[in-house]
$ cat protein-v4.cif   # mmCIF, C-alpha atoms (C1' of nucleotides)
data_data
#
loop_
_atom_site.label_atom_id
_atom_site.label_comp_id
_atom_site.auth_asym_id
_atom_site.auth_seq_id
_atom_site.Cartn_x
_atom_site.Cartn_y
_atom_site.Cartn_z
CA MET A 8 46.32 -1.14 -22.32
CA GLN A 9 43.68 -0.39 -24.91
CA ALA A 10 46.30 1.45 -26.98
CA LEU A 11 48.54 -1.62 -27.11
CA VAL A 12 45.65 -3.93 -27.99
CA GLU A 13 44.77 -1.65 -30.88
CA HIS A 14 48.33 -1.65 -32.07
CA ILE A 15 48.53 -5.44 -31.93
CA GLU A 16 45.31 -5.73 -33.92
CA LYS A 17 46.57 -3.23 -36.46
CA VAL A 18 49.96 -4.91 -36.93
CA THR A 19 48.88 -8.56 -36.93
CA GLY A 20 45.52 -8.07 -38.61
CA SER A 21 43.83 -10.15 -35.90
CA GLY A 22 40.67 -8.98 -34.17
CA ASN A 23 39.31 -9.55 -30.67
CA ILE A 24 42.38 -9.68 -28.53
CA GLY A 25 41.66 -10.06 -24.85
CA GLY A 26 43.45 -7.18 -23.23
CA GLU A 27 42.97 -8.76 -19.83
CA GLN A 28 45.38 -11.58 -20.76
CA LEU A 29 48.12 -9.06 -21.37
CA LEU A 30 47.49 -6.94 -18.31
CA PRO A 31 49.59 -8.98 -15.85
CA TYR A 32 52.70 -8.56 -17.99
CA PHE A 33 52.72 -4.77 -17.89
CA GLU A 34 52.72 -1.87 -15.51
CA GLU A 35 50.95 1.34 -16.38
CA ARG A 36 52.91 4.45 -15.50
CA SER A 37 52.80 8.20 -15.97
CA TYR A 38 55.71 10.61 -16.16
CA ALA A 39 55.92 14.39 -16.06
CA LYS A 40 57.69 16.37 -18.76
CA LYS A 41 61.50 16.05 -18.42
CA ALA A 42 61.22 13.04 -16.09
CA MET A 43 63.99 10.45 -16.51
CA LEU A 44 62.74 6.91 -17.19
CA GLN A 45 66.22 5.44 -17.52
CA GLU A 46 69.69 6.71 -16.65
CA GLU A 47 72.90 6.13 -18.53
CA GLY A 48 75.11 3.56 -16.81
CA LYS A 49 72.33 1.98 -14.73
CA ALA A 50 70.72 -1.41 -15.27
CA CYS A 51 68.25 -1.43 -18.13
CA LEU A 52 65.20 -3.07 -16.56
CA TRP A 53 62.27 -1.81 -18.60
CA TYR A 54 60.95 -1.74 -22.11
CA PHE A 55 58.41 1.03 -22.69
CA PHE A 56 55.39 1.20 -24.98
CA VAL A 57 54.23 4.80 -25.35
CA VAL A 58 50.47 5.23 -24.91
CA LYS A 59 50.47 9.03 -24.92
CA GLY A 60 53.19 11.67 -25.11
CA CYS A 61 56.75 11.25 -26.37
CA LEU A 62 60.07 9.86 -25.16
CA ARG A 63 63.62 10.27 -26.37
CA LEU A 64 66.70 8.04 -26.10
CA PHE A 65 70.02 9.86 -25.76
CA PHE A 66 73.53 9.75 -24.37
CA THR A 67 76.03 12.35 -23.27
CA ASP A 68 79.10 12.56 -25.48
CA ASP A 69 82.72 13.31 -24.57
CA ASN A 70 82.07 17.05 -24.67
CA GLY A 71 79.10 16.78 -22.34
CA VAL A 72 76.57 17.33 -25.12
CA GLU A 73 73.41 15.24 -25.18
CA GLN A 74 73.03 13.30 -28.41
CA THR A 75 69.55 12.04 -29.24
CA ILE A 76 69.36 8.64 -30.95
CA GLN A 77 65.64 7.92 -31.19
CA PHE A 78 62.24 9.37 -30.50
CA ALA A 79 59.19 7.38 -29.45
CA PRO A 80 55.82 9.07 -29.92
CA GLU A 81 52.49 7.27 -29.43
CA GLN A 82 52.49 3.52 -30.26
CA TRP A 83 56.27 3.17 -30.32
CA TRP A 84 58.44 0.88 -28.23
CA LEU A 85 61.59 2.23 -26.66
CA THR A 86 64.53 0.96 -24.61
CA ASP A 87 68.26 0.38 -25.03
CA LEU A 88 67.48 -2.89 -26.78
CA ASP A 89 71.03 -4.16 -26.63
CA ALA A 90 71.30 -3.64 -22.86
CA PHE A 91 67.76 -4.86 -22.17
CA ARG A 92 68.21 -8.11 -24.09
CA ASN A 93 71.58 -8.92 -22.62
CA GLY A 94 71.09 -7.69 -19.08
CA ARG A 95 73.80 -5.07 -19.41
CA ARG A 96 73.97 -1.53 -18.13
CA SER A 97 72.35 0.96 -20.43
CA ALA A 98 74.55 3.14 -22.60
CA TYR A 99 71.65 5.59 -22.86
CA SER A 100 69.20 7.66 -20.89
CA ILE A 101 65.49 7.91 -21.60
CA GLN A 102 63.57 11.09 -20.91
CA ALA A 103 59.98 12.26 -21.35
CA LEU A 104 59.75 15.20 -23.77
CA GLU A 105 56.14 15.76 -22.68
CA ALA A 106 53.83 14.42 -20.02
CA THR A 107 53.83 10.76 -21.04
CA GLU A 108 51.90 7.58 -20.26
CA VAL A 109 53.59 4.24 -20.89
CA LEU A 110 53.21 0.51 -20.46
CA ALA A 111 56.39 -0.91 -18.96
CA ILE A 112 57.52 -4.53 -19.13
CA ASP A 113 60.59 -6.09 -17.54
CA ALA A 114 63.00 -8.50 -19.24
CA HIS A 115 61.61 -11.56 -17.47
CA ARG A 116 58.04 -10.98 -18.53
CA TYR A 117 59.16 -9.82 -21.98
CA ALA A 118 60.82 -13.21 -22.48
CA LEU A 119 57.70 -15.04 -21.32
CA LEU A 120 55.27 -12.99 -23.35
CA PRO A 121 55.82 -14.50 -26.81
CA GLU A 122 56.12 -18.01 -25.35
CA GLU A 123 52.83 -17.83 -23.47
CA GLN A 124 50.90 -15.65 -25.89
CA PRO A 125 51.56 -17.03 -29.37
CA LEU A 126 50.10 -14.01 -31.14
CA MET A 127 52.83 -11.88 -29.57
CA GLN A 128 55.43 -13.95 -31.37
CA LYS A 129 53.95 -12.74 -34.63
CA TYR A 130 53.39 -9.24 -33.30
CA PHE A 131 57.02 -8.72 -32.32
CA ARG A 132 58.30 -10.37 -35.48
CA LEU A 133 56.35 -7.84 -37.56
CA VAL A 134 57.24 -4.90 -35.31
CA TYR A 135 60.95 -5.66 -35.62
CA GLU A 136 60.73 -6.46 -39.31
CA ARG A 137 59.27 -2.99 -39.85
CA ALA A 138 61.61 -1.28 -37.47
CA PHE A 139 64.57 -2.92 -39.15
CA ALA A 140 63.42 -1.87 -42.62
CA ALA A 141 62.82 1.68 -41.36
CA THR A 142 66.24 1.88 -39.75
CA LEU A 143 67.91 0.69 -42.94
CA LEU A 144 66.21 3.49 -44.78
CA ARG A 145 67.46 5.89 -42.15
CA VAL A 146 71.03 4.64 -42.49
CA GLN A 147 70.77 5.42 -46.15
CA MET A 148 69.31 8.87 -45.55
CA ILE A 149 72.02 9.80 -43.11
CA SER A 150 74.92 8.58 -45.14
CA ARG A 151 73.84 9.52 -48.65
CA MET A 152 72.13 12.88 -48.22
CA SER A 153 73.66 16.18 -47.23
CA LYS A 154 72.61 17.39 -43.79
CA ASN A 155 70.64 20.13 -45.45
CA ASP A 156 68.63 17.66 -47.55
CA PHE A 157 68.08 15.40 -44.56
CA TYR A 158 66.73 18.33 -42.59
CA GLU A 159 64.37 19.33 -45.37
CA LEU A 160 63.15 15.77 -45.82
CA PHE A 161 62.47 15.42 -42.11
CA ALA A 162 60.78 18.80 -41.99
CA SER A 163 58.43 17.92 -44.85
CA LYS A 164 57.68 14.45 -43.51
CA TYR A 165 57.00 15.31 -39.87
CA PRO A 166 56.07 19.01 -39.75
CA GLU A 167 53.79 18.65 -36.73
CA PHE A 168 56.35 16.60 -34.84
CA MET A 169 58.95 19.36 -35.24
CA GLN A 170 56.65 21.66 -33.29
CA ARG A 171 56.72 19.27 -30.35
CA ILE A 172 60.45 19.12 -29.73
CA PRO A 173 63.17 21.68 -28.87
CA GLN A 174 65.51 22.58 -31.72
CA LYS A 175 68.54 21.59 -29.73
CA VAL A 176 67.20 18.05 -29.42
CA LEU A 177 66.21 17.93 -33.07
CA ALA A 178 69.67 19.10 -34.13
CA SER A 179 71.35 16.31 -32.18
CA PHE A 180 68.96 13.76 -33.68
CA LEU A 181 69.64 14.94 -37.22
CA GLY A 182 73.34 14.81 -36.51
CA PHE A 183 74.49 18.40 -36.49
CA THR A 184 74.95 21.38 -34.19
CA PRO A 185 72.17 23.72 -33.02
CA GLU A 186 74.12 26.59 -34.61
CA TYR A 187 74.02 25.00 -38.01
CA LEU A 188 70.34 24.13 -37.67
CA SER A 189 69.72 27.78 -36.95
CA GLU A 190 71.52 28.70 -40.16
CA LEU A 191 69.46 26.22 -42.18
CA ARG A 192 66.20 27.58 -40.78
CA LYS A 193 67.26 31.10 -41.69
CA LYS A 194 68.09 30.09 -45.27
CA LYS A 195 64.74 28.36 -45.61
CA MET A 196 62.80 31.38 -44.38
CA GLU A 197 64.61 33.61 -46.85
CA LYS A 198 63.81 31.27 -49.70
CA LYS A 199 60.10 31.27 -48.89
CA SER A 200 59.71 35.03 -48.86
CA MET B 22 70.13 -26.46 -45.89
CA GLN B 23 72.29 -27.74 -43.07
CA ALA B 24 73.71 -24.23 -42.61
CA LEU B 25 70.25 -22.74 -42.07
CA VAL B 26 69.23 -25.51 -39.68
CA GLU B 27 72.33 -24.82 -37.62
CA HIS B 28 71.57 -21.13 -37.56
CA ILE B 29 67.99 -21.74 -36.45
CA GLU B 30 69.21 -24.00 -33.65
CA LYS B 31 71.78 -21.44 -32.59
CA VAL B 32 69.35 -18.52 -32.57
CA THR B 33 66.30 -20.19 -31.01
CA GLY B 34 68.20 -22.54 -28.71
CA SER B 35 66.09 -25.48 -29.93
CA GLY B 36 67.68 -28.76 -30.97
CA ASN B 37 66.66 -31.38 -33.52
CA ILE B 38 65.07 -29.39 -36.27
CA GLY B 39 63.98 -31.45 -39.23
CA GLY B 40 65.66 -29.87 -42.21
CA GLU B 41 63.46 -31.86 -44.56
CA GLN B 42 60.39 -29.87 -43.41
CA LEU B 43 62.07 -26.66 -44.53
CA LEU B 44 63.42 -27.95 -47.81
CA PRO B 45 60.27 -27.35 -49.92
CA TYR B 46 60.28 -23.64 -49.03
CA PHE B 47 63.72 -22.92 -50.43
CA GLU B 48 65.79 -23.23 -53.55
CA GLU B 49 69.50 -23.88 -53.37
CA ARG B 50 71.54 -21.80 -55.79
CA SER B 51 75.14 -21.01 -56.60
CA TYR B 52 76.54 -17.82 -58.09
CA ALA B 53 79.93 -16.92 -59.51
CA LYS B 54 81.93 -13.94 -58.28
CA LYS B 55 80.40 -10.68 -59.58
CA ALA B 56 77.12 -12.36 -60.54
CA MET B 57 74.00 -10.22 -60.09
CA LEU B 58 71.28 -11.78 -57.92
CA GLN B 59 68.96 -8.80 -58.14
CA GLU B 60 68.87 -5.73 -60.35
CA GLU B 61 67.85 -2.22 -59.41
CA GLY B 62 64.38 -1.37 -60.71
CA LYS B 63 63.24 -4.96 -61.22
CA ALA B 64 60.73 -6.87 -59.12
CA CYS B 65 62.18 -8.06 -55.83
CA LEU B 66 61.19 -11.73 -55.78
CA TRP B 67 63.75 -13.40 -53.54
CA TYR B 68 65.11 -13.31 -50.05
CA PHE B 69 68.56 -14.85 -49.74
CA PHE B 70 70.21 -16.72 -46.89
CA VAL B 71 73.97 -16.94 -47.45
CA VAL B 72 75.39 -20.43 -46.92
CA LYS B 73 78.87 -19.70 -48.20
CA GLY B 74 80.52 -16.62 -49.71
CA CYS B 75 79.40 -13.01 -49.46
CA LEU B 76 76.80 -10.70 -51.03
CA ARG B 77 76.43 -6.95 -51.10
CA LEU B 78 73.39 -4.69 -51.47
CA PHE B 79 73.97 -1.45 -53.38
CA PHE B 80 72.45 1.20 -55.60
CA THR B 81 73.82 3.57 -58.21
CA ASP B 82 73.66 7.23 -57.20
CA ASP B 83 73.02 10.32 -59.32
CA ASN B 84 76.68 10.49 -60.32
CA GLY B 85 76.73 6.87 -61.44
CA VAL B 86 78.72 5.73 -58.40
CA GLU B 87 77.75 2.46 -56.71
CA GLN B 88 76.89 2.94 -53.05
CA THR B 89 76.99 -0.16 -50.87
CA ILE B 90 74.36 -0.37 -48.13
CA GLN B 91 74.86 -3.80 -46.58
CA PHE B 92 77.06 -6.86 -46.69
CA ALA B 93 75.88 -10.40 -46.10
CA PRO B 94 78.57 -12.96 -45.27
CA GLU B 95 77.80 -16.53 -44.14
CA GLN B 96 74.57 -16.95 -42.13
CA TRP B 97 73.11 -13.58 -43.05
CA TRP B 98 69.83 -12.83 -44.75
CA LEU B 99 69.72 -10.26 -47.53
CA THR B 100 67.15 -8.59 -49.76
CA ASP B 101 65.60 -5.17 -50.27
CA LEU B 102 63.28 -5.86 -47.36
CA ASP B 103 60.99 -2.94 -48.08
CA ALA B 104 60.43 -3.99 -51.71
CA PHE B 105 60.20 -7.70 -50.87
CA ARG B 106 57.59 -7.21 -48.16
CA ASN B 107 55.44 -4.85 -50.19
CA GLY B 108 55.82 -6.38 -53.64
CA ARG B 109 57.49 -3.27 -55.01
CA ARG B 110 60.37 -2.90 -57.44
CA SER B 111 63.73 -3.02 -55.76
CA ALA B 112 65.64 0.19 -55.22
CA TYR B 113 68.84 -1.86 -54.99
CA SER B 114 70.96 -4.42 -56.75
CA ILE B 115 72.49 -7.48 -55.11
CA GLN B 116 75.82 -8.85 -56.25
CA ALA B 117 78.09 -11.72 -55.21
CA LEU B 118 81.46 -10.47 -53.99
CA GLU B 119 82.80 -14.03 -54.11
CA ALA B 120 81.58 -17.38 -55.38
CA THR B 121 78.47 -17.71 -53.23
CA GLU B 122 75.91 -20.38 -52.28
CA VAL B 123 72.51 -19.27 -51.07
CA LEU B 124 69.08 -20.51 -50.07
CA ALA B 125 66.44 -18.45 -51.84
CA ILE B 126 62.81 -18.06 -50.76
CA ASP B 127 60.04 -16.15 -52.54
CA ALA B 128 57.54 -13.82 -50.88
CA HIS B 129 54.70 -16.31 -50.99
CA ARG B 130 56.57 -19.08 -49.22
CA TYR B 131 58.18 -16.56 -46.87
CA ALA B 132 54.71 -15.51 -45.72
CA LEU B 133 53.65 -19.13 -45.23
CA LEU B 134 56.80 -20.21 -43.43
CA PRO B 135 56.14 -18.73 -39.96
CA GLU B 136 52.45 -19.66 -40.13
CA GLU B 137 53.12 -23.32 -40.96
CA GLN B 138 56.34 -23.78 -39.00
CA PRO B 139 55.76 -22.17 -35.60
CA LEU B 140 59.44 -22.26 -34.65
CA MET B 141 60.17 -19.94 -37.56
CA GLN B 142 57.95 -17.31 -35.97
CA LYS B 143 60.37 -17.25 -33.06
CA TYR B 144 63.41 -17.54 -35.31
CA PHE B 145 62.53 -14.50 -37.40
CA ARG B 146 61.49 -12.49 -34.36
CA LEU B 147 64.93 -13.04 -32.87
CA VAL B 148 66.75 -12.49 -36.15
CA TYR B 149 65.03 -9.12 -36.64
CA GLU B 150 65.37 -8.14 -33.02
CA ARG B 151 69.13 -8.60 -33.38
CA ALA B 152 69.32 -7.00 -36.78
CA PHE B 153 67.39 -4.01 -35.50
CA ALA B 154 69.66 -3.61 -32.49
CA ALA B 155 72.72 -3.91 -34.72
CA THR B 156 71.42 -1.34 -37.17
CA LEU B 157 70.67 1.10 -34.36
CA LEU B 158 74.27 0.79 -33.27
CA ARG B 159 75.35 1.45 -36.82
CA VAL B 160 73.18 4.56 -37.07
CA GLN B 161 74.96 5.81 -34.01
CA MET B 162 78.38 4.97 -35.39
CA ILE B 163 77.73 6.74 -38.66
CA SER B 164 76.20 9.85 -37.22
CA ARG B 165 78.22 10.40 -34.05
CA MET B 166 81.73 9.38 -35.00
CA SER B 167 84.10 11.06 -37.41
CA LYS B 168 84.68 9.08 -40.57
CA ASN B 169 88.21 8.44 -39.41
CA ASP B 170 87.05 6.91 -36.11
CA PHE B 171 84.38 4.88 -37.88
CA TYR B 172 86.98 3.47 -40.22
CA GLU B 173 89.33 2.56 -37.39
CA LEU B 174 86.52 0.92 -35.43
CA PHE B 175 85.45 -1.13 -38.42
CA ALA B 176 89.05 -2.05 -39.19
CA SER B 177 89.65 -3.28 -35.65
CA LYS B 178 86.34 -5.14 -35.45
CA TYR B 179 86.42 -6.94 -38.80
CA PRO B 180 90.07 -7.13 -39.88
CA GLU B 181 89.66 -10.41 -41.78
CA PHE B 182 86.55 -9.18 -43.54
CA MET B 183 88.41 -6.14 -44.85
CA GLN B 184 90.74 -8.49 -46.71
CA ARG B 185 87.79 -10.00 -48.56
CA ILE B 186 86.35 -6.88 -50.16
CA PRO B 187 87.68 -4.24 -52.60
CA GLN B 188 88.53 -0.89 -51.04
CA LYS B 189 86.21 0.94 -53.37
CA VAL B 190 83.28 -1.09 -52.06
CA LEU B 191 84.39 -0.64 -48.47
CA ALA B 192 84.68 3.12 -48.94
CA SER B 193 81.11 3.38 -50.23
CA PHE B 194 79.87 1.25 -47.32
CA LEU B 195 81.63 3.42 -44.76
CA GLY B 196 80.21 6.50 -46.45
CA PHE B 197 83.17 8.21 -48.02
CA THR B 198 85.22 8.33 -51.19
CA PRO B 199 87.94 5.87 -52.22
CA GLU B 200 90.35 8.81 -52.32
CA TYR B 201 89.76 9.69 -48.71
CA LEU B 202 89.96 6.05 -47.64
CA SER B 203 93.33 5.93 -49.29
CA GLU B 204 94.43 8.93 -47.27
CA LEU B 205 93.24 7.34 -44.03
CA ARG B 206 95.14 4.14 -44.76
CA LYS B 207 98.26 6.13 -45.40
CA LYS B 208 97.93 8.03 -42.12
CA LYS B 209 97.42 4.79 -40.25
CA MET B 210 100.51 3.18 -41.78
CA GLU B 211 102.61 6.19 -40.83
CA LYS B 212 101.34 6.07 -37.27
CA LYS B 213 102.28 2.41 -36.90
CA SER B 214 105.87 2.82 -38.02
"C1'" DC C 14 101.97 -8.22 -73.31
"C1'" DG C 15 98.08 -4.33 -73.97
"C1'" DG C 16 93.78 -2.31 -71.92
"C1'" DT C 17 90.76 -1.55 -68.43
"C1'" DC C 18 89.78 -1.16 -63.78
"C1'" DT C 19 91.46 -0.02 -59.11
"C1'" DC C 20 94.29 2.46 -55.91
"C1'" DT C 21 97.19 6.49 -54.72
"C1'" DT C 22 98.60 11.51 -54.51
"C1'" DG C 23 98.04 16.31 -54.37
"C1'" DA C 24 95.69 20.97 -55.02
"C1'" DC C 25 91.61 23.25 -54.15
"C1'" DG C 26 86.94 24.45 -52.48
"C1'" DG C 27 82.87 24.15 -49.73
"C1'" DA C 28 79.95 22.21 -46.17
"C1'" DG C 29 79.70 21.98 -41.45
"C1'" DT C 30 82.05 22.67 -36.65
"C1'" DT C 31 83.83 25.37 -32.91
"C1'" DC C 32 84.07 29.24 -30.09
"C1'" DA C 33 82.37 33.44 -28.25
"C1'" DA C 34 78.88 36.73 -27.44
"C1'" DA C 35 74.43 38.79 -27.70
"C1'" DG C 36 69.15 38.46 -27.96
"C1'" DC C 37 64.97 35.63 -26.54
"C1'" DT C 38 61.73 32.72 -23.97
"C1'" DA C 39 59.81 30.27 -20.60
"C1'" DG C 40 59.66 28.64 -16.06
"C1'" DT C 41 60.22 30.10 -11.12
"C1'" DG C 42 59.64 32.40 -6.85
"C1'" DG C 43 58.13 36.36 -4.64
"C1'" DC D 17 51.01 38.68 -12.00
"C1'" DC D 18 55.45 40.43 -12.71
"C1'" DA D 19 60.54 40.22 -12.72
"C1'" DC D 20 64.61 37.47 -13.00
"C1'" DT D 21 67.33 34.12 -14.43
"C1'" DA D 22 68.85 29.95 -16.83
"C1'" DG D 23 68.73 27.90 -20.79
"C1'" DC D 24 67.59 28.15 -25.67
"C1'" DT D 25 68.32 30.29 -30.18
"C1'" DT D 26 70.67 33.33 -33.31
"C1'" DT D 27 74.91 35.56 -35.45
"C1'" DG D 28 79.39 35.87 -37.10
"C1'" DA D 29 84.47 34.66 -37.71
"C1'" DA D 30 87.96 31.31 -38.01
"C1'" DC D 31 89.04 26.80 -38.91
"C1'" DT D 32 88.86 21.61 -40.32
"C1'" DC D 33 87.34 17.75 -42.47
"C1'" DC D 34 86.34 15.68 -46.45
"C1'" DG D 35 84.64 15.72 -51.41
"C1'" DT D 36 85.85 16.89 -56.24
"C1'" DC D 37 88.88 16.93 -59.99
"C1'" DA D 38 92.81 15.46 -62.46
"C1'" DA D 39 96.66 12.69 -63.32
"C1'" DG D 40 99.82 8.87 -62.44
"C1'" DA D 41 100.98 4.05 -60.70
"C1'" DG D 42 99.60 -0.74 -59.98
"C1'" DA D 43 97.00 -4.81 -60.58
"C1'" DC D 44 94.22 -8.08 -62.99
"C1'" DC D 45 92.07 -10.47 -67.18
"C1'" DG D 46 92.14 -11.93 -71.82
#
$ encode --input "protein-v4.cif" --output "structure tokens"
Amino acid sequence: MQALVEHIEKVTGSGNIGGEQLLPYFEERSYAKKAMLQEEGKACLWYFFVVKGCLRLFFTDDNGVEQTIQFAPEQWWLTDLDAFRNGRRSAYSIQALEATEVLAIDAHRYALLPEEQPLMQKYFRLVYERAFAATLLRVQMISRMSKNDFYELFASKYPEFMQRIPQKVLASFLGFTPEYLSELRKKKMEKKS
Amino acid sequence: MQALVEHIEKVTGSGNIGGEQLLPYFEERSYAKKAMLQEEGKACLWYFFVVKGCLRLFFTDDNGVEQTIQFAPEQWWLTDLDAFRNGRRSAYSIQALEATEVLAIDAHRYALLPEEQPLMQKYFRLVYERAFAATLLRVQMISRMSKNDFYELFASKYPEFMQRIPQKVLASFLGFTPEYLSELRKKKMEKKS
DNA sequence: CGGTCTCTTGACGGAGTTCAAAGCTAGTGG
DNA sequence: CCACTAGCTTTGAACTCCGTCAAGAGACCG
């Protein structure tokens, strides 16, 4: 809970938030590496805030290949937002990439939260405003840059994060095949030497 | 102003909003077709809510080709959010695709608005929550589908909108060249007959 | 009517995918 | 603590989608 309180203070710029007011809305949970937090096609009941570790959101395409849409390391929120908001079945699965601790909130309490805790109205407004701006940037990256350039940009921006995740998963996130990622890595090594 | 009030009521589910409270925050403006509302490289001072008509957000790439990032038809908000929020120069231009009426708000009043009008806190939270969810879907579309499939999906989802915009602009939004769009259209016509 | 801007057509090339097979690594059970 | 196996990563060849270039046909504005 402390991790969330810190994040709220950081985002809203307010100090002295009583964590105990927020406690009843959430459940604290721990998952082992590779544990599934949400399965494709099932009801989407939870929204997760990552305290420690890392999650990924993915689906399985027509060829049976897992395609990763989003990562959520520490201090990120993750769910199939569309399904969660509208009470639909999730189009995605969520899996822990590492041993991960989360705060989980259900749709009912998520709806109450901003109404009962006014600061959360502001908190979520700012969180989404940022997330939206970041996603717009990503749309641009994906559609304007070559896959090679996108890979290099990602590699230079999040070098330590690349150590944490399997290449296969990274390839699907960046939007190409593991084979091609392998080729890019090879080229890059050759250039450096 | 009426158009914004209706949108606020629709999004928040609240009735009876006093439009006169909101009036001092905004300026009502009209633009002719092809008018520029914002120019690449200049300060990003305004956030636009489209009352009537349609705007587009674009930049000019290294080859001098205009690349369209977003459209904003009636009831959409549009600006370079990153530049607007952080007081930076805009990386994009904004142009009217048709004769367009907007409500414009500057960064100062935009910051005050949710603080002074509590309902707007909720309104913007919901607007961004939706926009974020929609953009995530778009990221998926762009990166997982072939350009052909993406075109067909867009064509089936927004047939009337496609009539409103030049093909060149549509091609850059969908992420490919006008030449290739032309080829796709041809293929589709042949299939239908 | 002209002239410019937009849309179409076709030839060609290159980036990225698919398929198949061989080396590597890491987790598992004995 | 080692050996085995399943999955991950690398390699290479063939192929496909889509961008680039160039040139012609329409469409729109003065």
$ interface_residues --input "protein-v4.cif" --of "chain A" --to "chain D" --cutoff "10 Å" --atoms "only C-alpha atoms (C1' of nucleotides)" --output "count of residues only"
9
$ residues_around --input "protein-v4.cif" --residues "stretch 10-25 of chain A" --least-positions-apart "4" --cutoff "7 Å" --atoms "only C-alpha atoms (C1' of nucleotides)" --output "PDB file with C-alpha atoms, in the frame of the given file"
ATOM      1  CA  VAL A  58      50.470   5.230 -24.910  1.00  0.00           C
ATOM      2  CA  GLN A  82      52.490   3.520 -30.260  1.00  0.00           C
ATOM      3  CA  LYS A 129      53.950 -12.740 -34.630  1.00  0.00           C
ATOM      4  CA  TYR A 130      53.390  -9.240 -33.300  1.00  0.00           C
TER       5      TYR A 130
END
$ closest_atom_pairs --input "protein-v4.cif" --of "chain C" --to "chain A" --cutoff "10 Å" --atoms "only C-alpha atoms (C1' of nucleotides)" --output "CSV"
residue,atom,partner,partner_atom,distance
C:DA28,C1',A:Ser153,CA,8.8
C:DG29,C1',A:Tyr187,CA,7.3
C:DT30,C1',A:Thr184,CA,7.6
C:DT31,C1',A:Thr184,CA,9.8
$ residues_near_point --input "protein-v4.cif" --point "(53.8, -14.7, -48.9)" --cutoff "12 Å" --atoms "all atoms listed in the file" --output "count of residues only"
20
$ interface_residues --input "protein-v4.cif" --of "chain B" --to "chain A" --cutoff "8 Å" --atoms "all atoms listed in the file" --output "MDAnalysis selection string"
chainID B and resid 90 102:103 142:143 145:147 149:150 152:154 156:157 159:161 163:165 196
$ resolve_selection --input "protein-v4.cif" --expression "the PyMOL selection byres ((chain A and resi 40) around 6)" --output "list in words"
Ala39, Lys41, Ala42, Ala103, Leu104, Glu105 and Ala106 of chain A
$ atom_distance --input "protein-v4.cif" --atom1 "atom CA of B:Thr121" --atom2 "atom CA of B:Gln138"
27.0 Å
$ atom_distance --input "protein-v4.cif" --atom1 "atom CA of B:Pro94" --atom2 "atom CA of B:Phe175"
15.3 Å
$ atom_distance --input "protein-v4.cif" --atom1 "atom CA of A:Leu62" --atom2 "atom CA of A:Ala79"
5.0 Å
